[in-house]
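Quick look at protein-v2.pdb (PDB, C-alpha atoms):
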```
ATOM      1  CA  MET M  55      93.310 105.981 101.834
ATOM      2  CA  SER M  56      92.811 102.457 103.185
ATOM      3  CA  GLU M  57      95.570 100.040 104.133
ATOM      4  CA  THR M  58      94.853  97.999 101.004
ATOM      5  CA  TRP M  59      95.486 100.842  98.597
ATOM      6  CA  LEU M  60      98.505 102.079 100.534
ATOM      7  CA  GLY M  61      99.975  98.587 100.265
ATOM      8  CA  LEU M  62      99.253  98.514  96.548
ATOM      9  CA  LEU M  63     100.908 101.887  95.962
ATOM     10  CA  GLY M  64     103.882 100.979  98.136
ATOM     11  CA  GLY M  65     104.386  97.705  96.277
ATOM     12  CA  VAL M  66     104.363  99.425  92.889
ATOM     13  CA  VAL M  67     106.912 102.004  94.064
ATOM     14  CA  LEU M  68     109.213  99.290  95.442
ATOM     15  CA  ILE M  69     109.008  97.298  92.193
ATOM     16  CA  LEU M  70     109.844 100.369  90.115
ATOM     17  CA  LEU M  71     112.757 101.190  92.398
ATOM     18  CA  ALA M  72     114.091  97.617  92.388
ATOM     19  CA  ASN M  73     114.023  97.406  88.585
ATOM     20  CA  TRP M  74     115.741 100.782  88.216
ATOM     21  CA  LEU M  75     118.472  99.908  90.713
ATOM     22  CA  LEU M  76     119.205  96.548  89.065
ATOM     23  CA  VAL M  77     119.461  98.103  85.611
ATOM     24  CA  ARG M  78     121.239 101.326  86.574
ATOM     25  CA  PHE M  79     123.659 100.169  89.258
ATOM     26  CA  GLY M  80     123.503  96.378  89.102
ATOM     27  CA  GLY M  81     124.491  96.151  85.468
ATOM     28  CA  LYS M  82     121.638  93.747  84.732
ATOM     29  CA  SER M  83     119.637  93.678  81.539
ATOM     30  CA  ALA M  84     116.091  95.001  81.626
ATOM     31  CA  ASN M  85     114.638  91.540  80.956
ATOM     32  CA  TYR M  86     116.728  89.950  83.695
ATOM     33  CA  ALA M  87     115.804  92.653  86.203
ATOM     34  CA  ALA M  88     112.085  92.454  85.393
ATOM     35  CA  THR M  89     112.063  88.647  85.672
ATOM     36  CA  LEU M  90     114.012  88.637  88.932
ATOM     37  CA  VAL M  91     111.829  91.307  90.532
ATOM     38  CA  ALA M  92     108.656  89.509  89.409
ATOM     39  CA  LEU M  93     109.822  86.211  90.929
ATOM     40  CA  VAL M  94     110.840  87.892  94.186
ATOM     41  CA  THR M  95     107.487  89.694  94.294
ATOM     42  CA  VAL M  96     105.567  86.438  93.928
ATOM     43  CA  GLY M  97     107.790  84.735  96.496
ATOM     44  CA  LEU M  98     107.194  87.473  99.054
ATOM     45  CA  TYR M  99     103.603  88.509  98.405
ATOM     46  CA  VAL M 100     101.953  85.087  98.068
ATOM     47  CA  PRO M 101     103.025  83.810 101.537
ATOM     48  CA  TYR M 102     102.158  87.202 103.046
ATOM     49  CA  ALA M 103      98.697  87.108 101.459
ATOM     50  CA  ILE M 104      98.115  83.555 102.704
ATOM     51  CA  LEU M 105      98.939  84.582 106.268
ATOM     52  CA  ARG M 106      96.824  87.758 106.072
ATOM     53  CA  TRP M 107      94.261  86.760 103.466
ATOM     54  CA  PRO M 108      92.731  89.909 101.938
ATOM     55  CA  GLY M 109      90.139  88.094  99.816
ATOM     56  CA  GLY M 110      90.430  86.495  96.400
ATOM     57  CA  ASP M 111      89.605  89.654  94.456
ATOM     58  CA  ARG M 112      92.190  91.805  96.222
ATOM     59  CA  PHE M 113      94.812  89.072  96.035
ATOM     60  CA  ALA M 114      94.365  88.751  92.269
ATOM     61  CA  LEU M 115      94.294  92.528  91.822
ATOM     62  CA  HIS M 116      97.495  93.105  93.797
ATOM     63  CA  LEU M 117      99.379  90.275  92.130
ATOM     64  CA  ALA M 118      98.304  91.371  88.642
ATOM     65  CA  ILE M 119      99.338  94.991  89.181
ATOM     66  CA  PHE M 120     102.665  94.016  90.750
ATOM     67  CA  LEU M 121     103.544  91.694  87.860
ATOM     68  CA  LEU M 122     102.364  94.195  85.245
ATOM     69  CA  THR M 123     104.536  96.858  86.840
ATOM     70  CA  SER M 124     107.599  94.650  86.559
ATOM     71  CA  LEU M 125     106.687  93.741  82.967
ATOM     72  CA  GLY M 126     106.293  97.402  82.074
ATOM     73  CA  CYS M 127     109.666  98.196  83.616
ATOM     74  CA  GLY M 128     111.309  95.496  81.515
ATOM     75  CA  ILE M 129     109.784  96.807  78.296
ATOM     76  CA  LEU M 130     110.515 100.477  78.980
ATOM     77  CA  PHE M 131     114.044 100.020  80.319
ATOM     78  CA  ARG M 132     114.969  97.727  77.422
ATOM     79  CA  ALA M 133     113.760 100.251  74.856
ATOM     80  CA  ASN M 134     115.536 103.057  76.693
ATOM     81  CA  GLY M 135     118.783 101.090  76.874
ATOM     82  CA  ARG M 136     118.761 100.485  73.125
ATOM     83  CA  ASN M 137     117.776 104.090  72.358
ATOM     84  CA  GLU M 138     114.930 102.856  70.191
ATOM     85  CA  ALA M 139     111.217 103.539  70.045
ATOM     86  CA  LEU M 140     108.877 101.234  71.914
ATOM     87  CA  HIS M 141     107.442  98.572  69.585
ATOM     88  CA  TRP M 142     103.676  98.796  69.186
ATOM     89  CA  GLY M 143     103.087  95.080  69.870
ATOM     90  CA  PRO M 144     104.369  94.939  73.464
ATOM     91  CA  ALA M 145     102.899  98.390  74.067
ATOM     92  CA  VAL M 146      99.400  97.233  73.047
ATOM     93  CA  ILE M 147      99.626  94.048  75.128
ATOM     94  CA  SER M 148     100.901  95.921  78.171
ATOM     95  CA  GLY M 149      98.272  98.616  77.743
ATOM     96  CA  PHE M 150      95.503  96.018  77.622
ATOM     97  CA  PHE M 151      96.562  94.374  80.866
ATOM     98  CA  VAL M 152      97.049  97.749  82.536
ATOM     99  CA  LEU M 153      93.501  98.657  81.487
ATOM    100  CA  VAL M 154      92.185  95.407  82.977
ATOM    101  CA  ALA M 155      94.048  95.983  86.245
ATOM    102  CA  VAL M 156      92.948  99.613  86.546
ATOM    103  CA  SER M 157      89.340  98.661  85.777
ATOM    104  CA  GLY M 158      89.449  96.000  88.474
ATOM    105  CA  ALA M 159      90.817  98.514  90.964
ATOM    106  CA  LEU M 160      88.064 100.997  90.106
ATOM    107  CA  PHE M 161      85.371  98.337  90.498
ATOM    108  CA  ALA M 162      86.791  97.365  93.884
ATOM    109  CA  ILE M 163      86.814 100.998  95.041
ATOM    110  CA  VAL M 164      83.229 101.562  93.888
ATOM    111  CA  ALA M 165      82.085  98.344  95.577
ATOM    112  CA  GLU M 166      83.667  99.415  98.876
ATOM    113  CA  ARG M 167      82.869 103.132  98.940
ATOM    114  CA  GLY M 168      80.425 103.839  96.134
ATOM    115  CA  ILE M 169      80.586 106.722  93.706
ATOM    116  CA  THR M 170      80.218 110.371  94.632
ATOM    117  CA  PRO M 171      76.683 111.808  95.025
ATOM    118  CA  SER M 172      77.117 114.151  92.048
ATOM    119  CA  LEU M 173      78.267 111.332  89.781
ATOM    120  CA  SER M 174      75.461 109.139  91.105
ATOM    121  CA  ARG M 175      72.854 111.747  90.143
ATOM    122  CA  TRP M 176      74.382 111.957  86.674
ATOM    123  CA  LEU M 177      74.582 108.188  86.077
ATOM    124  CA  PHE M 178      71.436 106.901  87.796
ATOM    125  CA  PRO M 179      67.915 107.968  86.812
ATOM    126  CA  ALA M 180      65.720 109.744  89.314
ATOM    127  CA  THR M 181      63.318 107.433  91.146
ATOM    128  CA  SER M 182      59.658 108.123  91.745
ATOM    129  CA  SER M 183      59.044 105.292  94.221
ATOM    130  CA  GLY M 184      61.148 106.600  97.089
ATOM    131  CA  ARG M 185      63.800 103.924  96.576
ATOM    132  CA  GLU M 186      67.381 104.993  97.068
ATOM    133  CA  VAL M 187      69.910 103.949  94.441
ATOM    134  CA  THR M 188      73.267 102.963  95.883
ATOM    135  CA  SER M 189      76.478 101.884  94.181
ATOM    136  CA  VAL M 190      78.029 100.382  97.318
ATOM    137  CA  PHE M 191      78.040  96.593  97.632
ATOM    138  CA  PRO M 192      79.259  95.632 101.102
ATOM    139  CA  GLY M 193      77.045  92.548 101.153
ATOM    140  CA  VAL M 194      74.997  91.196 104.025
ATOM    141  CA  ILE M 195      76.566  88.995 106.704
ATOM    142  CA  SER M 196      74.144  88.525 109.563
ATOM    143  CA  HIS M 197      76.285  85.831 111.174
ATOM    144  CA  ASP M 198      79.801  84.528 110.542
ATOM    145  CA  PHE M 199      79.571  81.078 112.126
ATOM    146  CA  GLN M 200      80.898  79.306 109.032
ATOM    147  CA  LYS M 201      84.274  81.005 109.378
ATOM    148  CA  LYS M 202      85.240  78.768 112.259
ATOM    149  CA  GLU M 203      84.243  75.162 112.755
ATOM    150  CA  ALA M 204      83.674  75.558 116.486
ATOM    151  CA  LEU M 205      81.238  78.422 116.018
ATOM    152  CA  TYR M 206      79.469  76.542 113.246
ATOM    153  CA  ASN M 207      79.014  73.509 115.498
ATOM    154  CA  ASP M 208      77.583  75.768 118.205
ATOM    155  CA  TYR M 209      75.136  77.138 115.672
ATOM    156  CA  LEU M 210      74.022  73.641 114.650
ATOM    157  CA  GLN M 211      73.463  72.764 118.300
ATOM    158  CA  GLN M 212      71.401  75.919 118.740
ATOM    159  CA  VAL M 213      69.265  75.036 115.713
ATOM    160  CA  GLU M 214      68.624  71.531 117.052
ATOM    161  CA  ALA M 215      67.771  72.855 120.523
ATOM    162  CA  GLN M 216      65.403  75.367 118.943
ATOM    163  CA  ARG M 217      63.686  72.607 116.964
ATOM    164  CA  GLN M 218      63.201  70.466 120.064
ATOM    165  CA  ARG M 219      61.959  73.437 122.096
ATOM    166  CA  GLY M 220      59.202  74.012 119.577
ATOM    167  CA  TRP M 221      58.373  77.639 120.293
ATOM    168  CA  GLN M 222      55.785  79.100 117.948
ATOM    169  CA  VAL M 223      56.589  82.613 116.719
ATOM    170  CA  ARG M 224      54.166  84.782 114.757
ATOM    171  CA  LYS M 225      55.309  88.172 113.540
ATOM    172  CA  GLY M 226      54.132  91.022 111.357
ATOM    173  CA  TRP M 227      53.231  94.678 110.911
ATOM    174  CA  LEU M 228      49.996  96.046 112.332
ATOM    175  CA  ASN M 229      49.650  98.343 109.312
ATOM    176  CA  GLU M 230      51.081  98.358 105.822
ATOM    177  CA  PRO M 231      54.742  99.422 106.225
ATOM    178  CA  LEU M 232      55.705 102.557 104.307
ATOM    179  CA  VAL M 233      59.097 104.211 103.987
ATOM    180  CA  ASP M 234      59.821 106.791 106.732
ATOM    181  CA  VAL M 235      56.482 106.065 108.438
ATOM    182  CA  PRO M 236      56.558 104.735 112.040
ATOM    183  CA  THR M 237      54.795 101.358 112.013
ATOM    184  CA  VAL M 238      54.172  98.908 114.833
ATOM    185  CA  PHE M 239      55.973  95.582 114.454
ATOM    186  CA  ARG M 240      54.472  92.855 116.662
ATOM    187  CA  VAL M 241      55.648  89.383 117.651
ATOM    188  CA  ALA M 242      53.641  86.697 119.467
ATOM    189  CA  VAL M 243      55.594  83.851 121.086
ATOM    190  CA  GLN M 244      54.069  80.645 122.446
ATOM    191  CA  THR M 245      55.424  77.348 123.712
ATOM    192  CA  ARG M 246      54.807  74.054 121.936
ATOM    193  CA  GLU M 247      51.735  73.622 124.140
ATOM    194  CA  GLY M 248      50.361  77.052 123.191
ATOM    195  CA  GLN M 249      51.256  78.858 126.417
ATOM    196  CA  PRO M 250      52.619  82.432 126.095
ATOM    197  CA  VAL M 251      56.371  82.844 126.472
ATOM    198  CA  THR M 252      56.601  85.659 128.995
ATOM    199  CA  GLU M 253      59.411  87.808 130.408
ATOM    200  CA  ALA M 254      61.642  87.244 127.402
ATOM    201  CA  GLU M 255      64.020  89.613 125.639
ATOM    202  CA  ALA M 256      62.978  90.145 122.029
ATOM    203  CA  GLY M 257      64.687  92.135 119.290
ATOM    204  CA  GLY M 258      66.835  91.851 116.218
ATOM    205  CA  GLU M 259      67.827  93.686 113.061
ATOM    206  CA  PHE M 260      66.341  94.699 109.761
ATOM    207  CA  LEU M 261      69.178  94.160 107.277
ATOM    208  CA  ARG M 262      69.454  96.155 104.056
ATOM    209  CA  PRO M 263      70.808  93.789 101.346
ATOM    210  CA  SER M 264      72.290  96.576  99.217
ATOM    211  CA  ASP M 265      73.912  98.579 102.020
ATOM    212  CA  SER M 266      74.811  97.154 105.425
ATOM    213  CA  LYS M 267      75.341 100.691 106.761
ATOM    214  CA  ARG M 268      71.546 101.052 106.684
ATOM    215  CA  ASP M 269      70.916  98.046 108.959
ATOM    216  CA  MET M 270      68.391  98.887 111.681
ATOM    217  CA  PRO M 271      68.546  97.167 115.090
ATOM    218  CA  PHE M 272      65.388  97.147 117.190
ATOM    219  CA  LYS M 273      64.109  95.999 120.578
ATOM    220  CA  LEU M 274      60.601  94.830 121.403
ATOM    221  CA  THR M 275      58.683  95.464 124.606
ATOM    222  CA  GLU M 276      56.267  92.964 126.137
ATOM    223  CA  THR M 277      52.819  94.589 126.150
ATOM    224  CA  GLU M 278      50.802  91.474 127.027
ATOM    225  CA  PRO M 279      51.833  87.963 128.110
ATOM    226  CA  GLY M 280      53.787  86.538 125.179
ATOM    227  CA  LEU M 281      53.132  89.603 122.996
ATOM    228  CA  TYR M 282      56.043  91.897 122.086
ATOM    229  CA  GLN M 283      55.996  94.979 119.905
ATOM    230  CA  SER M 284      57.753  98.207 119.002
ATOM    231  CA  THR M 285      57.425 101.077 116.553
ATOM    232  CA  VAL M 286      59.938 100.774 113.724
ATOM    233  CA  THR M 287      60.756 103.332 111.030
ATOM    234  CA  LEU M 288      62.674 102.078 108.004
ATOM    235  CA  PRO M 289      64.240 104.814 105.851
ATOM    236  CA  LEU M 290      64.298 103.071 102.465
ATOM    237  CA  ALA M 291      61.698 101.380 100.314
ATOM    238  CA  GLY M 292      62.226  97.879  99.004
ATOM    239  CA  ARG M 293      63.332  94.587 100.472
ATOM    240  CA  TRP M 294      64.677  94.181 104.013
ATOM    241  CA  ASN M 295      65.907  90.970 105.619
ATOM    242  CA  LEU M 296      64.705  90.334 109.161
ATOM    243  CA  VAL M 297      66.682  88.593 111.902
ATOM    244  CA  LEU M 298      64.493  88.179 114.994
ATOM    245  CA  ARG M 299      65.740  86.761 118.302
ATOM    246  CA  VAL M 300      63.737  85.840 121.388
ATOM    247  CA  ARG M 301      65.755  85.009 124.500
ATOM    248  CA  ARG M 302      64.511  83.711 127.837
ATOM    249  CA  GLY M 303      67.191  82.562 130.215
ATOM    250  CA  GLU M 304      69.476  80.209 128.301
ATOM    251  CA  ASP M 305      66.891  79.594 125.576
ATOM    252  CA  ILE M 306      67.386  81.501 122.307
ATOM    253  CA  HIS M 307      64.949  81.323 119.417
ATOM    254  CA  GLU M 308      65.986  82.891 116.106
ATOM    255  CA  VAL M 309      63.737  83.546 113.122
ATOM    256  CA  ARG M 310      64.716  84.859 109.688
ATOM    257  CA  ALA M 311      62.346  86.398 107.193
ATOM    258  CA  VAL M 312      61.995  89.014 104.461
ATOM    259  CA  THR M 313      59.744  92.068 104.439
ATOM    260  CA  GLU M 314      58.899  94.636 101.776
ATOM    261  CA  ILE M 315      58.656  98.356 102.549
ATOM    262  CA  LEU M 316      56.537 100.370 100.150
ATOM    263  CA  GLY M 317      57.406 103.827  98.870
ATOM    264  CA  ARG M 318      55.067 106.735  99.414
TER     265      ARG M 318
END
```

Could you take the file, read its structure, and then write that structure out as structure tokens?
Amino acid sequence: MSETWLGLLGGVVLILLANWLLVRFGGKSANYAATLVALVTVGLYVPYAILRWPGGDRFALHLAIFLLTSLGCGILFRANGRNEALHWGPAVISGFFVLVAVSGALFAIVAERGITPSLSRWLFPATSSGREVTSVFPGVISHDFQKKEALYNDYLQQVEAQRQRGWQVRKGWLNEPLVDVPTVFRVAVQTREGQPVTEAEAGGEFLRPSDSKRDMPFKLTETEPGLYQSTVTLPLAGRWNLVLRVRRGEDIHEVRAVTEILGR
């Protein structure tokens, strides 16, 4: 179990315990205890989340479940203290919000880890094109320069230097790329004047948009002056994002593109 879900479970247990202690030993009413615990929860969790930001979705999910737990404690402890049945109105409202919170938690778990293979085979239809169906959505982040202003400024300087350098890069497959078939990927690099860029380091990654665990790094070997190539085998059909880098000394040239791999 990840740190996120351990924190969620621990928070719920602490809220339940705090409400029970206030009602049982503190002599407080259920409404007072639930309100106090909810306010303390917000006062503690919000600053903690700001300092260690987990992401907007997880923040909202945690806060909703924590507050719903305190609300549920207030309703249940009040009904228990009066020795009366729980009214259907509050029960329906609480049940609705619990359903929303649980659904959000399930969606977050599926997005992070995906569903089990057996459930995937039951839910998703069989494919005839060789494409793999995945329920994981980790997203694609090929560079994180926007997270920090300094790194972003460095990136802008690199882009401007690349534009002024004027290298010409041509790339492509020698044959039609098919899934699980080794295919030669070739890159030709020339200067602005049309001279071959020799003795450079060339390589990059093929990024899978639907599953970053499938990303494929590669390195190219110079076979002729300014001509670099390598045999690449991509395991899944469909769209792949390409990040290609050519480095010679302090000069770095980066190219981004999209390629389509056909199923067999």

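If all atoms listed in the file are the atoms counted, then among M:Arg246, M:Arg293, M:Arg132, M:Arg301 the closest residue to M:Lys273 is M:Arg301.
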
### Task
For the file shown, report as JSON, numbers by chain the outcome of the PyMOL selection byres ((chain M and resi 278) around 12) at residue level.
{"M": [240, 241, 242, 243, 250, 251, 252, 253, 254, 274, 275, 276, 277, 279, 280, 281, 282, 283]}

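Proximity of M:Gly80, M:Val91, M:Asn73, M:Leu316 to M:Val235, computed with all atoms listed in the file, is greatest for M:Leu316.
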
### Atom pair atom CA of M:Thr123 / atom CA of M:Leu68: separation (Å)
10.1 Å

### Query
Near M:Ala114, counting only C-alpha atoms, which residues have an atom at most 12 Å away, once you skip same-chain residues fewer than 2 positions from it, shown as a list in words?
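Answer for this query is Leu62, Val96, Tyr99, Val100, Ala103, Trp107, Pro108, Gly109, Gly110, Asp111, Arg112, His116, Leu117, Ala118, Ile119, Phe120, Leu121, Leu122, Val154, Ala155, Gly158, Ala159 and Ala162 of chain M.
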
Quick one: everything within 10 Å of M:Arg219, counting all atoms listed in the file, minus sequence neighbours fewer than 6 positions away in the same chain. Send it as an mmCIF file with C-alpha atoms, in the frame of the given file.
```cif
data_model
loop_
_atom_site.group_PDB
_atom_site.id
_atom_site.type_symbol
_atom_site.label_atom_id
_atom_site.label_comp_id
_atom_site.auth_asym_id
_atom_site.auth_seq_id
_atom_site.Cartn_x
_atom_site.Cartn_y
_atom_site.Cartn_z
ATOM 1 C CA VAL M 213 69.265 75.036 115.713
ATOM 2 C CA THR M 245 55.424 77.348 123.712
ATOM 3 C CA ARG M 246 54.807 74.054 121.936
ATOM 4 C CA ASP M 305 66.891 79.594 125.576
ATOM 5 C CA ILE M 306 67.386 81.501 122.307
ATOM 6 C CA HIS M 307 64.949 81.323 119.417
#
```

Using the incomplete input, complete stretch 223-239 of chain M to the level of N, CA and C atoms; output as a PDB file, in the frame of the given file.
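File produced: result_18.pdb:
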```pdb
ATOM      1  N   VAL M 223      56.384  81.170 116.835  1.00  0.00           N
ATOM      2  CA  VAL M 223      56.589  82.613 116.719  1.00  0.00           C
ATOM      3  C   VAL M 223      55.793  83.137 115.531  1.00  0.00           C
ATOM      4  N   ARG M 224      54.912  84.083 115.812  1.00  0.00           N
ATOM      5  CA  ARG M 224      54.166  84.782 114.757  1.00  0.00           C
ATOM      6  C   ARG M 224      54.573  86.250 114.786  1.00  0.00           C
ATOM      7  N   LYS M 225      54.778  86.809 113.625  1.00  0.00           N
ATOM      8  CA  LYS M 225      55.309  88.172 113.540  1.00  0.00           C
ATOM      9  C   LYS M 225      54.634  88.907 112.396  1.00  0.00           C
ATOM     10  N   GLY M 226      54.682  90.246 112.458  1.00  0.00           N
ATOM     11  CA  GLY M 226      54.132  91.022 111.357  1.00  0.00           C
ATOM     12  C   GLY M 226      53.900  92.474 111.736  1.00  0.00           C
ATOM     13  N   TRP M 227      53.544  93.266 110.726  1.00  0.00           N
ATOM     14  CA  TRP M 227      53.231  94.678 110.911  1.00  0.00           C
ATOM     15  C   TRP M 227      51.741  94.837 111.196  1.00  0.00           C
ATOM     16  N   LEU M 228      51.411  95.788 112.065  1.00  0.00           N
ATOM     17  CA  LEU M 228      49.996  96.046 112.332  1.00  0.00           C
ATOM     18  C   LEU M 228      49.348  96.804 111.184  1.00  0.00           C
ATOM     19  N   ASN M 229      50.139  97.619 110.480  1.00  0.00           N
ATOM     20  CA  ASN M 229      49.650  98.343 109.312  1.00  0.00           C
ATOM     21  C   ASN M 229      50.627  98.130 108.162  1.00  0.00           C
ATOM     22  N   GLU M 230      50.207  98.503 106.980  1.00  0.00           N
ATOM     23  CA  GLU M 230      51.081  98.358 105.822  1.00  0.00           C
ATOM     24  C   GLU M 230      52.320  99.228 106.005  1.00  0.00           C
ATOM     25  N   PRO M 231      53.521  98.635 105.964  1.00  0.00           N
ATOM     26  CA  PRO M 231      54.742  99.422 106.225  1.00  0.00           C
ATOM     27  C   PRO M 231      55.113 100.307 105.039  1.00  0.00           C
ATOM     28  N   LEU M 232      55.298 101.596 105.325  1.00  0.00           N
ATOM     29  CA  LEU M 232      55.705 102.557 104.307  1.00  0.00           C
ATOM     30  C   LEU M 232      57.037 103.174 104.712  1.00  0.00           C
ATOM     31  N   VAL M 233      57.794 103.624 103.723  1.00  0.00           N
ATOM     32  CA  VAL M 233      59.097 104.211 103.987  1.00  0.00           C
ATOM     33  C   VAL M 233      58.943 105.482 104.819  1.00  0.00           C
ATOM     34  N   ASP M 234      59.776 105.617 105.847  1.00  0.00           N
ATOM     35  CA  ASP M 234      59.821 106.791 106.732  1.00  0.00           C
ATOM     36  C   ASP M 234      58.532 107.009 107.514  1.00  0.00           C
ATOM     37  N   VAL M 235      57.719 105.972 107.653  1.00  0.00           N
ATOM     38  CA  VAL M 235      56.482 106.065 108.438  1.00  0.00           C
ATOM     39  C   VAL M 235      56.594 105.116 109.629  1.00  0.00           C
ATOM     40  N   PRO M 236      56.499 105.624 110.868  1.00  0.00           N
ATOM     41  CA  PRO M 236      56.558 104.735 112.040  1.00  0.00           C
ATOM     42  C   PRO M 236      55.418 103.712 111.998  1.00  0.00           C
ATOM     43  N   THR M 237      55.771 102.442 112.094  1.00  0.00           N
ATOM     44  CA  THR M 237      54.795 101.358 112.013  1.00  0.00           C
ATOM     45  C   THR M 237      55.077 100.356 113.119  1.00  0.00           C
ATOM     46  N   VAL M 238      54.023  99.853 113.729  1.00  0.00           N
ATOM     47  CA  VAL M 238      54.172  98.908 114.833  1.00  0.00           C
ATOM     48  C   VAL M 238      54.491  97.523 114.283  1.00  0.00           C
ATOM     49  N   PHE M 239      55.584  96.952 114.788  1.00  0.00           N
ATOM     50  CA  PHE M 239      55.973  95.582 114.454  1.00  0.00           C
ATOM     51  C   PHE M 239      55.710  94.720 115.684  1.00  0.00           C
TER      52      PHE M 239
END
```
